[in-house]
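What follows is the content of my_file34.pdb (PDB, C-alpha atoms).
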```pdb
ATOM      1  CA  MET A 104     176.503  43.919  75.412
ATOM      2  CA  ILE A 105     175.405  45.945  78.435
ATOM      3  CA  HIS A 106     171.613  46.209  78.687
ATOM      4  CA  GLY A 107     171.128  47.417  82.266
ATOM      5  CA  ILE A 108     172.815  49.808  84.688
ATOM      6  CA  LEU A 109     172.411  49.539  88.466
ATOM      7  CA  PHE A 110     173.146  52.759  90.347
ATOM      8  CA  ASP A 111     173.936  53.496  93.944
ATOM      9  CA  LEU A 112     172.199  56.655  95.198
ATOM     10  CA  GLY A 113     174.194  58.579  97.803
ATOM     11  CA  SER A 114     177.518  59.996  96.542
ATOM     12  CA  THR A 115     176.714  58.536  93.127
ATOM     13  CA  LEU A 116     173.525  60.174  91.843
ATOM     14  CA  LEU A 117     173.279  62.656  94.712
ATOM     15  CA  TYR A 118     176.010  64.291  96.734
ATOM     16  CA  ASN A 119     176.146  65.823 100.163
ATOM     17  CA  ALA A 120     178.826  68.415 100.886
ATOM     18  CA  HIS A 121     178.870  67.112 104.473
ATOM     19  CA  ASP A 122     178.807  63.424 103.542
ATOM     20  CA  HIS A 123     181.125  61.185 105.540
ATOM     21  CA  ASN A 124     181.022  63.828 108.301
ATOM     22  CA  TRP A 125     178.053  62.387 110.134
ATOM     23  CA  GLY A 126     179.573  63.318 113.470
ATOM     24  CA  THR A 127     178.192  66.817 112.950
ATOM     25  CA  ILE A 128     174.969  65.788 111.193
ATOM     26  CA  LEU A 129     173.656  63.010 113.440
ATOM     27  CA  PRO A 130     173.457  65.055 116.673
ATOM     28  CA  ARG A 131     171.217  67.582 114.934
ATOM     29  CA  MET A 132     169.052  64.805 113.497
ATOM     30  CA  ARG A 133     168.683  63.138 116.896
ATOM     31  CA  SER A 134     167.835  66.437 118.548
ATOM     32  CA  ALA A 135     165.068  66.990 115.977
ATOM     33  CA  LEU A 136     163.749  63.489 116.668
ATOM     34  CA  LEU A 137     163.643  64.133 120.420
ATOM     35  CA  THR A 138     161.904  67.479 119.907
ATOM     36  CA  HIS A 139     159.262  65.823 117.756
ATOM     37  CA  LEU A 140     158.648  63.051 120.285
ATOM     38  CA  HIS A 141     158.266  65.645 123.045
ATOM     39  CA  THR A 142     155.824  67.575 120.852
ATOM     40  CA  VAL A 143     153.576  64.530 120.370
ATOM     41  CA  GLY A 144     153.528  63.773 124.083
ATOM     42  CA  TYR A 145     156.380  61.379 124.877
ATOM     43  CA  PRO A 146     157.726  62.307 128.348
ATOM     44  CA  LEU A 147     161.299  61.342 127.588
ATOM     45  CA  ASP A 148     164.333  62.456 129.534
ATOM     46  CA  GLY A 149     166.432  64.054 126.802
ATOM     47  CA  PRO A 150     169.947  62.824 127.672
ATOM     48  CA  THR A 151     168.680  59.324 128.512
ATOM     49  CA  PHE A 152     166.832  58.974 125.218
ATOM     50  CA  LEU A 153     169.647  60.406 123.117
ATOM     51  CA  ASN A 154     172.292  58.222 124.739
ATOM     52  CA  HIS A 155     170.171  55.092 124.439
ATOM     53  CA  PHE A 156     169.163  55.741 120.831
ATOM     54  CA  SER A 157     172.731  56.616 119.810
ATOM     55  CA  ALA A 158     174.178  53.508 121.466
ATOM     56  CA  LYS A 159     171.605  51.225 119.873
ATOM     57  CA  PHE A 160     172.126  52.802 116.463
ATOM     58  CA  GLN A 161     175.885  52.270 116.776
ATOM     59  CA  GLU A 162     175.407  48.674 117.877
ATOM     60  CA  PHE A 163     173.259  47.719 114.931
ATOM     61  CA  ASP A 164     175.181  49.837 112.443
ATOM     62  CA  GLU A 165     178.284  47.793 113.210
ATOM     63  CA  GLN A 166     176.335  44.557 112.993
ATOM     64  CA  ARG A 167     174.725  45.309 109.627
ATOM     65  CA  GLN A 168     178.139  46.091 108.138
ATOM     66  CA  THR A 169     179.221  42.524 108.826
ATOM     67  CA  ASP A 170     176.069  40.449 108.315
ATOM     68  CA  TRP A 171     174.672  42.486 105.369
ATOM     69  CA  VAL A 172     171.194  42.506 106.913
ATOM     70  CA  GLU A 173     169.419  45.859 107.253
ATOM     71  CA  TYR A 174     168.357  47.163 110.652
ATOM     72  CA  THR A 175     165.963  50.009 109.978
ATOM     73  CA  THR A 176     165.808  53.262 111.886
ATOM     74  CA  GLU A 177     162.172  52.470 112.651
ATOM     75  CA  TRP A 178     163.193  49.200 114.283
ATOM     76  CA  ILE A 179     165.941  50.909 116.297
ATOM     77  CA  LEU A 180     163.559  53.670 117.414
ATOM     78  CA  ARG A 181     160.852  51.194 118.445
ATOM     79  CA  ARG A 182     163.379  49.148 120.403
ATOM     80  CA  THR A 183     164.685  52.274 122.128
ATOM     81  CA  LEU A 184     161.210  53.441 123.159
ATOM     82  CA  GLU A 185     160.272  49.950 124.319
ATOM     83  CA  GLU A 186     163.387  49.641 126.473
ATOM     84  CA  LEU A 187     162.680  53.060 127.980
ATOM     85  CA  GLY A 188     159.223  51.859 129.005
ATOM     86  CA  THR A 189     157.044  53.988 126.714
ATOM     87  CA  PRO A 190     153.815  52.717 125.122
ATOM     88  CA  PRO A 191     154.223  51.248 121.605
ATOM     89  CA  PRO A 192     153.826  54.125 119.102
ATOM     90  CA  GLU A 193     151.203  53.997 116.361
ATOM     91  CA  PRO A 194     152.521  53.680 112.772
ATOM     92  CA  HIS A 195     151.607  57.278 111.900
ATOM     93  CA  VAL A 196     153.523  58.523 114.956
ATOM     94  CA  ILE A 197     156.633  56.601 113.923
ATOM     95  CA  ALA A 198     156.359  57.810 110.304
ATOM     96  CA  ALA A 199     156.138  61.467 111.388
ATOM     97  CA  ALA A 200     158.998  61.042 113.866
ATOM     98  CA  LEU A 201     161.251  59.527 111.217
ATOM     99  CA  GLN A 202     160.409  62.296 108.767
ATOM    100  CA  ALA A 203     161.417  64.851 111.409
ATOM    101  CA  TYR A 204     164.604  62.889 112.047
ATOM    102  CA  TYR A 205     165.664  62.882 108.384
ATOM    103  CA  ALA A 206     164.527  66.410 107.462
ATOM    104  CA  TYR A 207     167.893  68.089 108.056
ATOM    105  CA  SER A 208     169.970  65.474 106.252
ATOM    106  CA  GLU A 209     167.584  65.532 103.285
ATOM    107  CA  SER A 210     168.149  69.278 102.931
ATOM    108  CA  LEU A 211     171.878  68.653 102.379
ATOM    109  CA  TRP A 212     171.635  66.329  99.376
ATOM    110  CA  GLN A 213     171.941  67.765  95.873
ATOM    111  CA  PRO A 214     171.964  66.247  92.360
ATOM    112  CA  MET A 215     175.426  65.198  91.246
ATOM    113  CA  PRO A 216     176.743  67.433  88.437
ATOM    114  CA  GLY A 217     175.578  66.115  85.081
ATOM    115  CA  LEU A 218     172.904  63.917  86.658
ATOM    116  CA  HIS A 219     169.931  64.586  84.407
ATOM    117  CA  ALA A 220     171.920  64.888  81.186
ATOM    118  CA  THR A 221     173.701  61.589  81.819
ATOM    119  CA  LEU A 222     170.549  59.698  82.802
ATOM    120  CA  GLN A 223     168.740  61.007  79.734
ATOM    121  CA  GLN A 224     171.628  59.956  77.493
ATOM    122  CA  LEU A 225     171.553  56.452  78.938
ATOM    123  CA  ALA A 226     167.768  56.260  78.713
ATOM    124  CA  ASP A 227     167.903  57.420  75.082
ATOM    125  CA  ALA A 228     170.299  54.533  74.429
ATOM    126  CA  LYS A 229     167.486  52.197  75.603
ATOM    127  CA  LEU A 230     169.433  50.977  78.622
ATOM    128  CA  LYS A 231     167.488  49.759  81.638
ATOM    129  CA  LEU A 232     168.260  51.764  84.796
ATOM    130  CA  ALA A 233     167.785  50.782  88.446
ATOM    131  CA  ILE A 234     168.761  52.048  91.892
ATOM    132  CA  ILE A 235     170.086  49.884  94.722
ATOM    133  CA  SER A 236     170.518  51.962  97.880
ATOM    134  CA  ASN A 237     171.823  50.930 101.288
ATOM    135  CA  ALA A 238     169.690  53.024 103.632
ATOM    136  CA  SER A 239     167.980  52.425 106.960
ATOM    137  CA  ASP A 240     164.751  54.202 106.011
ATOM    138  CA  ASN A 241     162.855  53.581 102.793
ATOM    139  CA  ALA A 242     160.707  56.728 102.957
ATOM    140  CA  ASN A 243     163.844  58.857 103.331
ATOM    141  CA  VAL A 244     165.249  57.457 100.077
ATOM    142  CA  GLN A 245     161.965  57.858  98.234
ATOM    143  CA  ARG A 246     161.767  61.535  99.223
ATOM    144  CA  LEU A 247     165.339  62.112  98.027
ATOM    145  CA  ILE A 248     164.566  60.496  94.681
ATOM    146  CA  ASP A 249     161.475  62.647  94.212
ATOM    147  CA  ALA A 250     163.280  65.823  95.277
ATOM    148  CA  ALA A 251     165.876  65.149  92.573
ATOM    149  CA  ASP A 252     163.106  64.444  90.027
ATOM    150  CA  VAL A 253     164.678  61.228  88.744
ATOM    151  CA  ARG A 254     162.086  58.580  89.604
ATOM    152  CA  HIS A 255     160.923  58.265  85.992
ATOM    153  CA  TYR A 256     164.343  56.980  84.911
ATOM    154  CA  PHE A 257     164.448  53.968  87.243
ATOM    155  CA  ASP A 258     162.671  50.648  87.505
ATOM    156  CA  PRO A 259     163.124  49.000  89.905
ATOM    157  CA  ILE A 260     164.210  51.076  92.898
ATOM    158  CA  ILE A 261     165.557  48.765  95.606
ATOM    159  CA  VAL A 262     166.182  50.084  99.144
ATOM    160  CA  SER A 263     167.805  47.874 101.739
ATOM    161  CA  ALA A 264     165.365  49.085 104.408
ATOM    162  CA  ALA A 265     162.486  47.743 102.313
ATOM    163  CA  VAL A 266     163.989  44.357 101.431
ATOM    164  CA  GLY A 267     166.001  43.610 104.575
ATOM    165  CA  ILE A 268     169.398  42.986 102.973
ATOM    166  CA  ARG A 269     172.286  45.300 102.124
ATOM    167  CA  LYS A 270     175.038  45.560  99.572
ATOM    168  CA  PRO A 271     177.421  43.772  99.179
ATOM    169  CA  ASN A 272     175.014  40.846  99.672
ATOM    170  CA  PRO A 273     174.700  39.548  96.086
ATOM    171  CA  LYS A 274     171.038  38.735  96.679
ATOM    172  CA  ILE A 275     170.131  42.433  96.545
ATOM    173  CA  PHE A 276     171.659  42.628  93.050
ATOM    174  CA  GLU A 277     169.748  39.520  92.023
ATOM    175  CA  LEU A 278     166.474  41.298  92.830
ATOM    176  CA  VAL A 279     167.174  43.680  89.935
ATOM    177  CA  LEU A 280     168.501  41.000  87.590
ATOM    178  CA  ASN A 281     165.412  38.879  88.189
ATOM    179  CA  CYS A 282     163.143  41.863  87.606
ATOM    180  CA  TRP A 283     164.853  42.613  84.308
ATOM    181  CA  GLN A 284     165.281  38.955  83.365
ATOM    182  CA  LEU A 285     168.880  39.706  82.436
ATOM    183  CA  PRO A 286     172.021  37.703  83.187
ATOM    184  CA  PRO A 287     174.681  39.469  85.294
ATOM    185  CA  GLU A 288     177.148  39.777  82.415
ATOM    186  CA  LYS A 289     174.718  42.090  80.614
ATOM    187  CA  CYS A 290     174.551  44.536  83.538
ATOM    188  CA  VAL A 291     176.903  46.996  85.238
ATOM    189  CA  MET A 292     176.886  48.470  88.735
ATOM    190  CA  VAL A 293     177.907  52.109  89.224
ATOM    191  CA  GLY A 294     178.719  53.264  92.740
ATOM    192  CA  ASP A 295     181.155  55.130  94.951
ATOM    193  CA  THR A 296     181.763  52.549  97.691
ATOM    194  CA  LEU A 297     184.283  49.784  97.113
ATOM    195  CA  GLY A 298     183.137  47.615 100.019
ATOM    196  CA  ALA A 299     179.445  47.721  99.090
ATOM    197  CA  ASP A 300     178.917  48.641  95.436
ATOM    198  CA  ILE A 301     181.998  47.183  93.787
ATOM    199  CA  LEU A 302     182.510  44.108  95.967
ATOM    200  CA  GLY A 303     178.804  43.333  95.831
ATOM    201  CA  ALA A 304     178.728  43.592  92.055
ATOM    202  CA  GLN A 305     181.757  41.328  91.785
ATOM    203  CA  MET A 306     180.155  38.696  94.012
ATOM    204  CA  ALA A 307     177.000  38.906  91.880
ATOM    205  CA  HIS A 308     179.163  38.592  88.713
ATOM    206  CA  VAL A 309     177.975  41.996  87.490
ATOM    207  CA  HIS A 310     180.271  44.408  85.662
ATOM    208  CA  ASN A 311     181.272  47.328  87.886
ATOM    209  CA  ILE A 312     182.347  50.957  87.577
ATOM    210  CA  TRP A 313     183.725  52.868  90.531
ATOM    211  CA  LEU A 314     182.522  56.490  90.486
ATOM    212  CA  THR A 315     185.214  58.493  92.267
ATOM    213  CA  ALA A 316     183.722  62.023  92.372
ATOM    214  CA  GLN A 317     182.757  61.633  96.056
ATOM    215  CA  ALA A 318     184.720  58.488  96.889
ATOM    216  CA  ASP A 319     187.609  59.810  98.963
ATOM    217  CA  HIS A 320     186.649  58.609 102.431
ATOM    218  CA  PRO A 321     188.190  56.271 105.036
ATOM    219  CA  GLY A 322     186.123  53.215 104.082
ATOM    220  CA  ASN A 323     187.367  53.321 100.510
ATOM    221  CA  ARG A 324     190.940  54.036 101.527
ATOM    222  CA  ALA A 325     190.870  50.908 103.687
ATOM    223  CA  HIS A 326     189.737  48.761 100.740
ATOM    224  CA  ARG A 327     191.662  50.434  97.930
ATOM    225  CA  ASP A 328     194.340  47.746  97.584
ATOM    226  CA  MET A 329     191.987  44.798  98.116
ATOM    227  CA  ILE A 330     188.900  45.585  96.020
ATOM    228  CA  ILE A 331     189.855  46.435  92.453
ATOM    229  CA  PRO A 332     187.057  47.853  90.266
ATOM    230  CA  GLU A 333     186.684  46.701  86.691
ATOM    231  CA  ALA A 334     186.552  50.322  85.511
ATOM    232  CA  THR A 335     186.608  53.816  86.977
ATOM    233  CA  ALA A 336     184.735  57.024  86.134
ATOM    234  CA  ALA A 337     185.635  60.400  87.594
ATOM    235  CA  THR A 338     182.209  61.960  86.938
ATOM    236  CA  LEU A 339     178.737  60.928  85.843
ATOM    237  CA  ALA A 340     179.362  62.599  82.494
ATOM    238  CA  ASP A 341     182.184  60.105  81.901
ATOM    239  CA  LEU A 342     179.902  57.096  82.296
ATOM    240  CA  PRO A 343     178.661  56.656  78.712
ATOM    241  CA  ALA A 344     182.227  56.512  77.395
ATOM    242  CA  VAL A 345     183.321  54.079  80.131
ATOM    243  CA  ILE A 346     180.318  51.849  79.425
ATOM    244  CA  GLU A 347     181.130  51.932  75.727
ATOM    245  CA  LYS A 348     184.621  50.629  76.519
ATOM    246  CA  LEU A 349     183.102  47.804  78.576
ATOM    247  CA  GLN A 350     180.888  46.957  75.615
ATOM    248  CA  GLY A 351     184.002  46.573  73.494
TER     249      GLY A 351
END
```
Is it possible to give me this structure as structure tokens?
Amino acid sequence: MIHGILFDLGSTLLYNAHDHNWGTILPRMRSALLTHLHTVGYPLDGPTFLNHFSAKFQEFDEQRQTDWVEYTTEWILRRTLEELGTPPPEPHVIAAALQAYYAYSESLWQPMPGLHATLQQLADAKLKLAIISNASDNANVQRLIDAADVRHYFDPIIVSAAVGIRKPNPKIFELVLNCWQLPPEKCVMVGDTLGADILGAQMAHVHNIWLTAQADHPGNRAHRDMIIPEATAATLADLPAVIEKLQG
């Protein structure tokens, strides 16, 4: 019997019409970050800062994909400012800068069709629900969850930026299993990313459902013949029926 469902967040519970097109989103985010830092008194040369921040982000983004350890945006920003010779920023300055950085991307996320109805149906069935999100800023994820008004469905909510490890590291799945005191065979992971959600669940011996509504992107195409999900759902509304089949 399935007693608990672990959900990914982005492209699973929420969708972004521009998702997987970060080449157009990130420059606007970085520009907003630079503007904010100028506003609070950092005398940064714009092109120098943007090039340095972008290069460092790329460096550690590639590294975290292979070692499954999270490098937060805060850490990358602090390292960038330090290497550019600026004074160490106070925590409140960093928090405000990161909020400015993520403001545009947060405006693009919307609830996946059928989100609230599906979560309520699963909650009514007395299933435990959790979120495991790979994200480089915990506050960003928490704001998205509150904007979608779904926090009350989930306990726990695990964000890689807060715990330091990323999917598919099986240890991040174990954080939920330990919280629930459930064995992996009584839980199922639902997510859109084969290389993180599905592979991670398989390594943690958790049942897995690939949600394909927003899953057509290069990363999944690269893994399609190597990572085979246990089950597939085209939409969130399909989940209860797919879970029922797993129960059988």
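Of the listed residues (A:Ile179, A:Arg254, A:Ala238, A:Gly126), A:Ala238 comes nearest to Val266 in chain A; the distances count all atoms listed in the file.
Proximity ranking of A:Thr338, A:Phe163, A:Asp300, A:Leu230 relative to Trp283 in chain A places A:Leu230 first, based on all atoms listed in the file.
Pairwise distance (CA of Thr175 in chain A, CA of Gln284 in chain A) equals 28.8 Å.
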Q | Output check: residues returned by the PyMOL selection byres ((chain A and resi 181) around 12), as an MDAnalysis selection string | A | chainID A and resid 152 155:156 159:160 174:180 182:194 196:198 200:201
Q: For CA of Tyr256 in chain A and CA of His121 in chain A, determine how far apart the two atoms are, in Å to one decimal place.
A: 26.4 Å
Would you save range 192-223 of chain A to a file, keeping N, CA and C atoms, as a PDB file, in the first residue's frame?
```
ATOM      1  N   PRO A 192      28.746  41.476   2.655  1.00  0.00           N
ATOM      2  CA  PRO A 192      27.418  42.038   2.890  1.00  0.00           C
ATOM      3  C   PRO A 192      26.756  41.467   4.139  1.00  0.00           C
ATOM      4  N   GLU A 193      25.964  42.279   4.804  1.00  0.00           N
ATOM      5  CA  GLU A 193      25.186  41.818   5.952  1.00  0.00           C
ATOM      6  C   GLU A 193      24.085  40.861   5.479  1.00  0.00           C
ATOM      7  N   PRO A 194      23.632  39.961   6.355  1.00  0.00           N
ATOM      8  CA  PRO A 194      22.592  38.992   5.955  1.00  0.00           C
ATOM      9  C   PRO A 194      21.344  39.633   5.359  1.00  0.00           C
ATOM     10  N   HIS A 195      20.901  40.770   5.930  1.00  0.00           N
ATOM     11  CA  HIS A 195      19.677  41.391   5.416  1.00  0.00           C
ATOM     12  C   HIS A 195      19.903  41.963   4.013  1.00  0.00           C
ATOM     13  N   VAL A 196      21.132  42.379   3.726  1.00  0.00           N
ATOM     14  CA  VAL A 196      21.448  42.888   2.386  1.00  0.00           C
ATOM     15  C   VAL A 196      21.397  41.754   1.372  1.00  0.00           C
ATOM     16  N   ILE A 197      21.976  40.620   1.727  1.00  0.00           N
ATOM     17  CA  ILE A 197      21.944  39.452   0.842  1.00  0.00           C
ATOM     18  C   ILE A 197      20.509  38.992   0.615  1.00  0.00           C
ATOM     19  N   ALA A 198      19.713  38.920   1.684  1.00  0.00           N
ATOM     20  CA  ALA A 198      18.324  38.445   1.554  1.00  0.00           C
ATOM     21  C   ALA A 198      17.534  39.337   0.602  1.00  0.00           C
ATOM     22  N   ALA A 199      17.684  40.661   0.730  1.00  0.00           N
ATOM     23  CA  ALA A 199      16.962  41.584  -0.147  1.00  0.00           C
ATOM     24  C   ALA A 199      17.464  41.481  -1.587  1.00  0.00           C
ATOM     25  N   ALA A 200      18.765  41.294  -1.754  1.00  0.00           N
ATOM     26  CA  ALA A 200      19.332  41.171  -3.099  1.00  0.00           C
ATOM     27  C   ALA A 200      18.812  39.913  -3.787  1.00  0.00           C
ATOM     28  N   LEU A 201      18.743  38.814  -3.055  1.00  0.00           N
ATOM     29  CA  LEU A 201      18.255  37.573  -3.637  1.00  0.00           C
ATOM     30  C   LEU A 201      16.765  37.659  -3.968  1.00  0.00           C
ATOM     31  N   GLN A 202      16.008  38.362  -3.134  1.00  0.00           N
ATOM     32  CA  GLN A 202      14.591  38.531  -3.441  1.00  0.00           C
ATOM     33  C   GLN A 202      14.409  39.339  -4.721  1.00  0.00           C
ATOM     34  N   ALA A 203      15.240  40.364  -4.907  1.00  0.00           N
ATOM     35  CA  ALA A 203      15.196  41.144  -6.148  1.00  0.00           C
ATOM     36  C   ALA A 203      15.595  40.280  -7.341  1.00  0.00           C
ATOM     37  N   TYR A 204      16.563  39.416  -7.137  1.00  0.00           N
ATOM     38  CA  TYR A 204      17.049  38.544  -8.202  1.00  0.00           C
ATOM     39  C   TYR A 204      15.947  37.591  -8.673  1.00  0.00           C
ATOM     40  N   TYR A 205      15.188  37.027  -7.742  1.00  0.00           N
ATOM     41  CA  TYR A 205      14.194  36.018  -8.093  1.00  0.00           C
ATOM     42  C   TYR A 205      12.818  36.590  -8.426  1.00  0.00           C
ATOM     43  N   ALA A 206      12.619  37.885  -8.246  1.00  0.00           N
ATOM     44  CA  ALA A 206      11.271  38.457  -8.397  1.00  0.00           C
ATOM     45  C   ALA A 206      10.674  38.182  -9.771  1.00  0.00           C
ATOM     46  N   TYR A 207      11.445  38.373 -10.831  1.00  0.00           N
ATOM     47  CA  TYR A 207      10.896  38.171 -12.175  1.00  0.00           C
ATOM     48  C   TYR A 207      10.542  36.711 -12.413  1.00  0.00           C
ATOM     49  N   SER A 208      11.433  35.802 -12.073  1.00  0.00           N
ATOM     50  CA  SER A 208      11.147  34.386 -12.318  1.00  0.00           C
ATOM     51  C   SER A 208       9.940  33.923 -11.511  1.00  0.00           C
ATOM     52  N   GLU A 209       9.790  34.441 -10.298  1.00  0.00           N
ATOM     53  CA  GLU A 209       8.636  34.048  -9.477  1.00  0.00           C
ATOM     54  C   GLU A 209       7.320  34.477 -10.119  1.00  0.00           C
ATOM     55  N   SER A 210       7.346  35.587 -10.849  1.00  0.00           N
ATOM     56  CA  SER A 210       6.117  36.065 -11.492  1.00  0.00           C
ATOM     57  C   SER A 210       5.682  35.162 -12.642  1.00  0.00           C
ATOM     58  N   LEU A 211       6.549  34.281 -13.111  1.00  0.00           N
ATOM     59  CA  LEU A 211       6.242  33.437 -14.262  1.00  0.00           C
ATOM     60  C   LEU A 211       5.602  32.106 -13.884  1.00  0.00           C
ATOM     61  N   TRP A 212       5.757  31.698 -12.624  1.00  0.00           N
ATOM     62  CA  TRP A 212       5.249  30.390 -12.212  1.00  0.00           C
ATOM     63  C   TRP A 212       3.758  30.445 -11.921  1.00  0.00           C
ATOM     64  N   GLN A 213       3.051  29.406 -12.339  1.00  0.00           N
ATOM     65  CA  GLN A 213       1.611  29.299 -12.128  1.00  0.00           C
ATOM     66  C   GLN A 213       1.281  27.891 -11.625  1.00  0.00           C
ATOM     67  N   PRO A 214       0.149  27.728 -10.929  1.00  0.00           N
ATOM     68  CA  PRO A 214      -0.261  26.378 -10.515  1.00  0.00           C
ATOM     69  C   PRO A 214      -0.521  25.492 -11.726  1.00  0.00           C
ATOM     70  N   MET A 215      -0.058  24.266 -11.662  1.00  0.00           N
ATOM     71  CA  MET A 215      -0.339  23.300 -12.716  1.00  0.00           C
ATOM     72  C   MET A 215      -1.849  23.054 -12.770  1.00  0.00           C
ATOM     73  N   PRO A 216      -2.430  22.898 -13.956  1.00  0.00           N
ATOM     74  CA  PRO A 216      -3.858  22.598 -14.039  1.00  0.00           C
ATOM     75  C   PRO A 216      -4.236  21.401 -13.172  1.00  0.00           C
ATOM     76  N   GLY A 217      -5.314  21.567 -12.413  1.00  0.00           N
ATOM     77  CA  GLY A 217      -5.786  20.504 -11.537  1.00  0.00           C
ATOM     78  C   GLY A 217      -5.053  20.397 -10.221  1.00  0.00           C
ATOM     79  N   LEU A 218      -4.186  21.366  -9.915  1.00  0.00           N
ATOM     80  CA  LEU A 218      -3.336  21.261  -8.728  1.00  0.00           C
ATOM     81  C   LEU A 218      -4.142  21.085  -7.448  1.00  0.00           C
ATOM     82  N   HIS A 219      -4.993  22.046  -7.141  1.00  0.00           N
ATOM     83  CA  HIS A 219      -5.679  22.018  -5.847  1.00  0.00           C
ATOM     84  C   HIS A 219      -6.652  20.857  -5.750  1.00  0.00           C
ATOM     85  N   ALA A 220      -7.369  20.569  -6.830  1.00  0.00           N
ATOM     86  CA  ALA A 220      -8.323  19.460  -6.791  1.00  0.00           C
ATOM     87  C   ALA A 220      -7.610  18.131  -6.558  1.00  0.00           C
ATOM     88  N   THR A 221      -6.469  17.939  -7.214  1.00  0.00           N
ATOM     89  CA  THR A 221      -5.735  16.687  -7.057  1.00  0.00           C
ATOM     90  C   THR A 221      -5.153  16.558  -5.659  1.00  0.00           C
ATOM     91  N   LEU A 222      -4.539  17.633  -5.154  1.00  0.00           N
ATOM     92  CA  LEU A 222      -3.967  17.573  -3.807  1.00  0.00           C
ATOM     93  C   LEU A 222      -5.048  17.319  -2.763  1.00  0.00           C
ATOM     94  N   GLN A 223      -6.204  17.935  -2.933  1.00  0.00           N
ATOM     95  CA  GLN A 223      -7.288  17.718  -1.976  1.00  0.00           C
ATOM     96  C   GLN A 223      -7.782  16.276  -2.028  1.00  0.00           C
TER      97      GLN A 223
END
```
